[in-house]
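S.K.: See final_13.pdb below, with PDB, C-alpha atoms.
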```pdb
MODEL        1
ATOM      1  CA  MET A   1      80.170  -1.916  70.719
ATOM      2  CA  SER A   2      81.530  -4.678  68.436
ATOM      3  CA  ILE A   3      82.762  -3.858  64.955
ATOM      4  CA  ILE A   4      79.789  -5.710  63.444
ATOM      5  CA  LEU A   5      77.279  -3.734  65.519
ATOM      6  CA  ALA A   6      79.135  -0.515  64.750
ATOM      7  CA  ALA A   7      78.966  -1.280  61.046
ATOM      8  CA  ALA A   8      75.246  -1.964  61.305
ATOM      9  CA  ALA A   9      74.697   1.314  63.144
ATOM     10  CA  ILE A  10      76.607   3.254  60.521
ATOM     11  CA  ALA A  11      74.721   1.525  57.709
ATOM     12  CA  ALA A  12      71.406   2.468  59.292
ATOM     13  CA  ILE A  13      72.406   6.087  59.690
ATOM     14  CA  SER A  14      73.736   6.189  56.142
ATOM     15  CA  LEU A  15      70.248   5.486  54.796
ATOM     16  CA  ILE A  16      69.344   8.927  56.091
ATOM     17  CA  VAL A  17      72.372  10.844  54.898
ATOM     18  CA  LEU A  18      73.191   9.268  51.524
ATOM     19  CA  TRP A  19      71.071  10.529  48.668
ATOM     20  CA  PRO A  20      71.711  12.750  45.614
ATOM     21  CA  ARG A  21      71.706  16.484  46.268
ATOM     22  CA  SER A  22      72.228  19.523  44.077
ATOM     23  CA  ALA A  23      75.626  21.233  44.114
ATOM     24  CA  SER A  24      75.897  24.868  45.144
ATOM     25  CA  ALA A  25      78.232  25.436  48.081
ATOM     26  CA  HIS A  26      81.922  25.117  48.932
ATOM     27  CA  CYS A  27      82.832  23.634  52.300
ATOM     28  CA  ASP A  28      79.942  21.203  51.975
ATOM     29  CA  THR A  29      81.083  19.870  48.595
ATOM     30  CA  GLU A  30      82.982  16.656  47.946
ATOM     31  CA  HIS A  31      86.238  18.480  47.212
ATOM     32  CA  GLY A  32      85.730  21.426  49.565
ATOM     33  CA  PRO A  33      88.415  22.205  52.168
ATOM     34  CA  ALA A  34      86.547  20.708  55.143
ATOM     35  CA  VAL A  35      85.924  17.391  53.386
ATOM     36  CA  THR A  36      89.495  17.343  52.093
ATOM     37  CA  ASP A  37      90.840  17.718  55.636
ATOM     38  CA  GLY A  38      88.326  15.142  56.858
ATOM     39  CA  ARG A  39      89.640  12.608  54.351
ATOM     40  CA  ARG A  40      93.203  13.413  55.392
ATOM     41  CA  ALA A  41      92.229  12.672  58.983
ATOM     42  CA  LEU A  42      90.700   9.332  58.026
ATOM     43  CA  GLU A  43      93.709   8.244  55.993
ATOM     44  CA  THR A  44      96.300   9.224  58.609
ATOM     45  CA  GLY A  45      94.303   8.109  61.651
ATOM     46  CA  ASP A  46      94.780  11.550  63.200
ATOM     47  CA  PRO A  47      91.595  13.661  63.637
ATOM     48  CA  SER A  48      93.532  16.935  64.044
ATOM     49  CA  PRO A  49      93.048  18.268  60.487
ATOM     50  CA  ALA A  50      89.297  17.696  60.780
ATOM     51  CA  LEU A  51      88.991  19.163  64.279
ATOM     52  CA  ALA A  52      90.361  22.457  62.969
ATOM     53  CA  TRP A  53      86.981  22.958  61.270
ATOM     54  CA  VAL A  54      84.868  22.764  64.436
ATOM     55  CA  HIS A  55      84.638  24.653  67.717
ATOM     56  CA  ALA A  56      86.449  23.201  70.714
ATOM     57  CA  LYS A  57      83.099  22.481  72.389
ATOM     58  CA  ASP A  58      82.258  20.123  69.509
ATOM     59  CA  ASP A  59      85.485  18.104  69.718
ATOM     60  CA  ALA A  60      83.901  15.224  71.608
ATOM     61  CA  GLU A  61      81.168  14.594  69.047
ATOM     62  CA  VAL A  62      83.571  14.631  66.111
ATOM     63  CA  ARG A  63      86.145  12.501  67.927
ATOM     64  CA  GLU A  64      83.518   9.907  68.857
ATOM     65  CA  VAL A  65      82.362   9.445  65.273
ATOM     66  CA  PHE A  66      85.963   9.486  64.063
ATOM     67  CA  GLY A  67      86.840   6.646  66.432
ATOM     68  CA  LEU A  68      83.818   4.617  65.349
ATOM     69  CA  ALA A  69      84.625   5.218  61.683
ATOM     70  CA  GLN A  70      88.231   4.137  62.171
ATOM     71  CA  ARG A  71      87.132   0.825  63.721
ATOM     72  CA  VAL A  72      84.608   0.087  60.988
ATOM     73  CA  ARG A  73      87.049   1.059  58.230
ATOM     74  CA  ALA A  74      89.002  -2.080  59.178
ATOM     75  CA  LEU A  75      86.204  -4.107  57.561
ATOM     76  CA  ARG A  76      87.039  -2.469  54.217
ATOM     77  CA  GLY A  77      84.729  -2.679  51.225
ATOM     78  CA  GLU A  78      81.340  -1.039  51.544
ATOM     79  CA  ALA A  79      81.654  -0.789  55.312
ATOM     80  CA  ARG A  80      84.695   1.453  54.869
ATOM     81  CA  LEU A  81      82.885   3.678  52.370
ATOM     82  CA  VAL A  82      79.893   4.065  54.672
ATOM     83  CA  ALA A  83      82.090   4.765  57.698
ATOM     84  CA  ASP A  84      83.987   7.454  55.788
ATOM     85  CA  ARG A  85      80.778   9.074  54.620
ATOM     86  CA  LEU A  86      79.273   9.142  58.099
ATOM     87  CA  PHE A  87      82.364  10.836  59.514
ATOM     88  CA  LEU A  88      82.549  13.405  56.701
ATOM     89  CA  GLU A  89      78.836  14.160  56.984
ATOM     90  CA  THR A  90      79.233  14.631  60.742
ATOM     91  CA  LEU A  91      82.253  16.905  60.295
ATOM     92  CA  VAL A  92      80.570  19.178  57.772
ATOM     93  CA  ARG A  93      77.275  19.264  59.702
ATOM     94  CA  VAL A  94      79.009  20.252  62.942
ATOM     95  CA  HIS A  95      81.165  22.808  61.106
ATOM     96  CA  ARG A  96      78.136  24.463  59.552
ATOM     97  CA  ALA A  97      76.190  24.374  62.814
ATOM     98  CA  GLY A  98      79.071  26.303  64.350
ATOM     99  CA  GLU A  99      78.503  28.943  61.668
ATOM    100  CA  GLY A 100      74.791  29.112  62.355
ATOM    101  CA  ALA A 101      74.145  27.475  58.971
ATOM    102  CA  GLY A 102      71.965  24.543  58.012
ATOM    103  CA  PHE A 103      73.183  21.269  56.551
ATOM    104  CA  GLU A 104      71.734  19.428  53.573
ATOM    105  CA  GLY A 105      74.423  16.835  53.131
ATOM    106  CA  ILE A 106      77.709  16.797  51.261
ATOM    107  CA  LYS A 107      77.023  17.906  47.724
ATOM    108  CA  PRO A 108      78.697  16.669  44.559
ATOM    109  CA  VAL A 109      81.188  19.047  43.039
ATOM    110  CA  GLY A 110      79.417  21.571  40.862
ATOM    111  CA  GLU A 111      80.159  24.976  39.449
ATOM    112  CA  ILE A 112      81.815  27.092  42.142
ATOM    113  CA  ASP A 113      81.143  30.810  42.374
ATOM    114  CA  PRO A 114      83.934  32.543  40.392
ATOM    115  CA  VAL A 115      84.737  34.792  43.366
ATOM    116  CA  ILE A 116      85.173  31.808  45.700
ATOM    117  CA  ALA A 117      87.265  30.004  43.100
ATOM    118  CA  ALA A 118      89.432  33.117  42.684
ATOM    119  CA  ALA A 119      89.809  33.493  46.449
ATOM    120  CA  ASP A 120      90.996  29.896  46.709
ATOM    121  CA  ARG A 121      93.393  30.537  43.844
ATOM    122  CA  SER A 122      94.758  33.583  45.671
ATOM    123  CA  ILE A 123      95.461  31.390  48.696
ATOM    124  CA  GLU A 124      97.151  28.837  46.444
ATOM    125  CA  VAL A 125      99.452  31.278  44.633
ATOM    126  CA  GLY A 126      99.889  33.735  47.515
ATOM    127  CA  GLU A 127      98.735  36.759  45.528
ATOM    128  CA  ILE A 128      95.582  38.875  45.361
ATOM    129  CA  GLU A 129      95.741  39.033  41.550
ATOM    130  CA  PRO A 130      93.157  36.266  40.857
ATOM    131  CA  LEU A 131      90.489  38.429  42.556
ATOM    132  CA  ALA A 132      91.342  41.593  40.626
ATOM    133  CA  GLY A 133      88.403  42.534  38.433
ATOM    134  CA  LEU A 134      86.005  40.290  40.355
ATOM    135  CA  VAL A 135      85.611  42.490  43.435
ATOM    136  CA  PRO A 136      85.225  46.278  43.811
ATOM    137  CA  PRO A 137      88.671  47.953  43.819
ATOM    138  CA  GLU A 138      87.995  49.614  47.176
ATOM    139  CA  ARG A 139      87.829  46.166  48.811
ATOM    140  CA  LEU A 140      91.258  45.092  47.603
ATOM    141  CA  PRO A 141      93.350  46.647  50.439
ATOM    142  CA  GLU A 142      91.335  44.830  53.117
ATOM    143  CA  LEU A 143      91.374  41.653  51.050
ATOM    144  CA  GLN A 144      95.142  41.938  50.772
ATOM    145  CA  ALA A 145      95.410  42.272  54.557
ATOM    146  CA  ARG A 146      93.174  39.236  55.125
ATOM    147  CA  LEU A 147      95.101  37.242  52.547
ATOM    148  CA  ALA A 148      98.352  38.068  54.330
ATOM    149  CA  ARG A 149      96.885  36.840  57.638
ATOM    150  CA  ALA A 150      95.701  33.615  56.023
ATOM    151  CA  LEU A 151      99.015  32.952  54.313
ATOM    152  CA  ALA A 152     100.871  33.519  57.582
ATOM    153  CA  LEU A 153      98.824  30.721  59.185
ATOM    154  CA  LYS A 154      98.471  28.384  56.219
ATOM    155  CA  ASP A 155     101.592  26.251  56.705
ATOM    156  CA  HIS A 156     100.879  25.241  60.285
ATOM    157  CA  ASP A 157     101.584  21.919  61.957
ATOM    158  CA  VAL A 158      98.545  19.820  61.018
ATOM    159  CA  LYS A 159      98.741  18.103  64.403
ATOM    160  CA  ASP A 160      98.253  21.459  66.154
ATOM    161  CA  VAL A 161      94.470  21.827  66.305
ATOM    162  CA  GLU A 162      94.532  25.365  67.688
ATOM    163  CA  ALA A 163      96.877  26.486  64.922
ATOM    164  CA  GLY A 164      94.539  24.795  62.459
ATOM    165  CA  ARG A 165      91.576  26.689  63.862
ATOM    166  CA  GLY A 166      93.479  29.935  63.474
ATOM    167  CA  TRP A 167      94.099  29.098  59.820
ATOM    168  CA  VAL A 168      90.454  28.186  59.214
ATOM    169  CA  ALA A 169      89.322  31.456  60.827
ATOM    170  CA  ALA A 170      91.672  33.466  58.604
ATOM    171  CA  TYR A 171      90.674  31.513  55.501
ATOM    172  CA  VAL A 172      86.952  31.973  56.131
ATOM    173  CA  SER A 173      87.455  35.668  56.883
ATOM    174  CA  PHE A 174      89.257  36.173  53.578
ATOM    175  CA  VAL A 175      86.729  34.274  51.465
ATOM    176  CA  LYS A 176      83.728  35.889  53.162
ATOM    177  CA  TYR A 177      85.069  39.382  52.573
ATOM    178  CA  ALA A 178      85.767  38.521  48.939
ATOM    179  CA  GLU A 179      82.113  37.514  48.642
ATOM    180  CA  GLY A 180      80.930  40.841  50.063
ATOM    181  CA  GLU A 181      80.941  40.459  53.860
ATOM    182  CA  GLU A 182      80.928  44.015  55.208
ATOM    183  CA  HIS A 183      82.283  43.477  58.733
ATOM    184  CA  GLU A 184      85.964  43.971  58.079
ATOM    185  CA  HIS A 185      87.406  42.720  61.364
ATOM    186  CA  GLU A 186      84.917  40.058  62.465
ATOM    187  CA  HIS A 187      87.426  37.271  62.040
ATOM    188  CA  GLY A 188      90.676  38.840  63.191
ATOM    189  CA  ASP A 189      93.584  36.617  64.101
ATOM    190  CA  ALA A 190      94.638  35.661  67.587
ATOM    191  CA  SER A 191      97.037  38.586  67.858
ATOM    192  CA  GLN A 192      94.058  40.920  67.573
ATOM    193  CA  GLY A 193      92.126  39.266  70.361
ATOM    194  CA  HIS A 194      90.362  36.671  68.245
ATOM    195  CA  ASP A 195      89.570  33.338  69.864
ATOM    196  CA  ALA A 196      91.471  30.977  67.616
ATOM    197  CA  SER A 197      89.337  28.086  68.819
ATOM    198  CA  ALA A 198      86.317  29.541  67.024
ATOM    199  CA  PRO A 199      86.646  29.044  63.258
ATOM    200  CA  VAL A 200      83.531  31.065  62.523
ATOM    201  CA  LEU A 201      81.114  33.284  64.355
ATOM    202  CA  ALA A 202      77.766  31.643  65.065
ATOM    203  CA  GLY A 203      74.927  33.612  63.610
ATOM    204  CA  HIS A 204      76.864  34.736  60.541
ATOM    205  CA  ALA A 205      75.979  31.907  58.179
ATOM    206  CA  HIS A 206      77.791  31.433  54.930
ATOM    207  CA  GLU A 207      78.355  28.596  52.518
ATOM    208  CA  HIS A 208      82.037  27.718  52.830
TER
ENDMDL
END
```
Would you encode the structure as structure tokens?
M.R.:
Amino acid sequence: MSIILAAAAIAAISLIVLWPRSASAHCDTEHGPAVTDGRRALETGDPSPALAWVHAKDDAEVREVFGLAQRVRALRGEARLVADRLFLETLVRVHRAGEGAGFEGIKPVGEIDPVIAAADRSIEVGEIEPLAGLVPPERLPELQARLARALALKDHDVKDVEAGRGWVAAYVSFVKYAEGEEHEHEHGDASQGHDASAPVLAGHAHEH
């Protein structure tokens, strides 16, 4: 497919995926972690950070769109913007499908649930303190354990997709439990027998 035809194909698809939507989620927002890693992939030319957010079985689909987007980005201008959006929309859609969740497009940044914001802050500062007072005290020990697992995997080699998937699994596990997920060990790390290639368990939808 020539670059011109690829650009036309992306433009046609973009008519379907680009329209205003209300903001309410996290990983499907403009500045959510999945989109942030997707943009990093586009800018570096390495899809690894983005692939960490999808199951191994979905690699081919994401890689195909990534390759197409990279070729069309060379045209710059509006073509580049449309190519980026198509790739990011594909990444988030496939990520959420892997969770058993629906996809309504990438939403503009809105007001994030205080618990989710505090969980992200805990990851940032490496302490459970931001969540204190926002979750029942009896949940704090398990949250502390999940935070420790996430922090242990956070600073992985971004080119190592499997390590990235382990980090995503730990991150999602921590945030879900902060929100009230009751299954304490659903998303254990690889040392506990967890399949690090599966960022989330299908059938347990959430909005990260």
S.K.: Apply the PyMOL selection byres ((chain A and resi 140-151) around 12) to the displayed file and report the matching residues as JSON, numbers by chain.
M.R.: {"A": [119, 120, 121, 122, 123, 124, 125, 126, 127, 128, 129, 130, 131, 132, 133, 134, 135, 136, 137, 138, 139, 152, 153, 154, 155, 156, 163, 164, 165, 166, 167, 168, 169, 170, 171, 172, 173, 174, 175, 176, 177, 178, 179, 180, 181, 182, 183, 184, 185, 186, 187, 188, 189, 190, 191, 192]}
S.K.: I need the residue set behind the PyMOL selection byres ((chain A and resi 34) around 10) for this file; please write it as a list in words.
M.R.: His26, Cys27, Asp28, Thr29, Glu30, His31, Gly32, Pro33, Val35, Thr36, Asp37, Gly38, Arg39, Arg40, Pro49, Ala50, Leu51, Ala52, Trp53, Val54, Leu88, Leu91, Val92, His95, Val168 and His208 of chain A
S.K.: Provide the CA of Gly100 in chain A to CA of Ala117 in chain A distance in Å, to one decimal place.
M.R.: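 It comes out at 23.0 Å.
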S.K.: Written as a ChimeraX atom specification, which residues does the PyMOL selection byres ((chain A and resi 58-71) around 8) give for the file shown?
M.R.: /A:3,6,42,45,47,51,54-57,72-75,80,83-84,86-87,90-91,94
S.K.: Report the distance between CA of Phe103 in chain A and CA of Ile116 in chain A in Å, rounded to one decimal place.
M.R.: 19.3 Å
S.K.: I'd like the box whose edges run along x, y and z of the file and which contains every listed atom of range 127-136 of chain A, padded by 5 Å per side; could you state its centre and edge lengths in Å, one decimal, as AutoDock Vina command-line options?
M.R.:
```
--center_x 92.0 --center_y 41.3 --center_z 42.0 --size_x 23.5 --size_y 20.0 --size_z 17.1
```
